[in-house]
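S.K.: Here's a structure for you.
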Amino acid sequence: MPDTTCACPHCKCVLGVEAVMKDGKGYCCQGCAEHHAHGEPCVAPTGCECAKSAKG
Ligand SMILES: [Zn+2]
Ligand SMILES: [Zn+2]
Ligand SMILES: [Zn+2]
C-alpha cells in the first residue's frame, strides 16, 4: 500500500474522504489530481501552496 499522503509533488496533505484516485495514485483533491493544470487551488484547510509550486 502506498502511504496516505497526496501524490502531488509539492503537497503534503493526507488523503481524506475527498481523496481522488488517478493513475493508481491518490490525491487529496481534484486540483491535485489534475496537477493544477487550470490553477485549481488545493482544498486543504492548512493553506497548502502546492498549486503555486506546480506552476511558476
Ligand atoms: Zn496541497
Ligand atoms: Zn494534494
Ligand atoms: Zn497539489
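Residues in the C-alpha cells are named by chain (A, B, ... in the order shown) and by number from 1 within that chain; ligands are numbered from 1 in the order shown.
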Name the residues, by chain letter and number, that sit within 10 Å of ligand 1 using only C-alpha atoms and all ligand atoms, and give them as a list in words.
M.R.: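 Those within range of ligand 1 are Thr5, Cys6, Ala7, Cys8, Pro9, His10, Cys11, Lys12, Cys13, Val14, Tyr27, Cys28, Cys29, Gly31, Cys32, His36, Pro41, Cys42, Val43, Ala44, Pro45, Thr46, Gly47, Cys48, Glu49, Cys50, Ala51, Lys52 and Ser53 of chain A.
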S.K.: Please extract the residues of range 4-56 of chain A with a backbone DSSP assignment of helix (DSSP H, G or I) and present them as a ChimeraX atom specification.
M.R.: /A:30-33,50-54
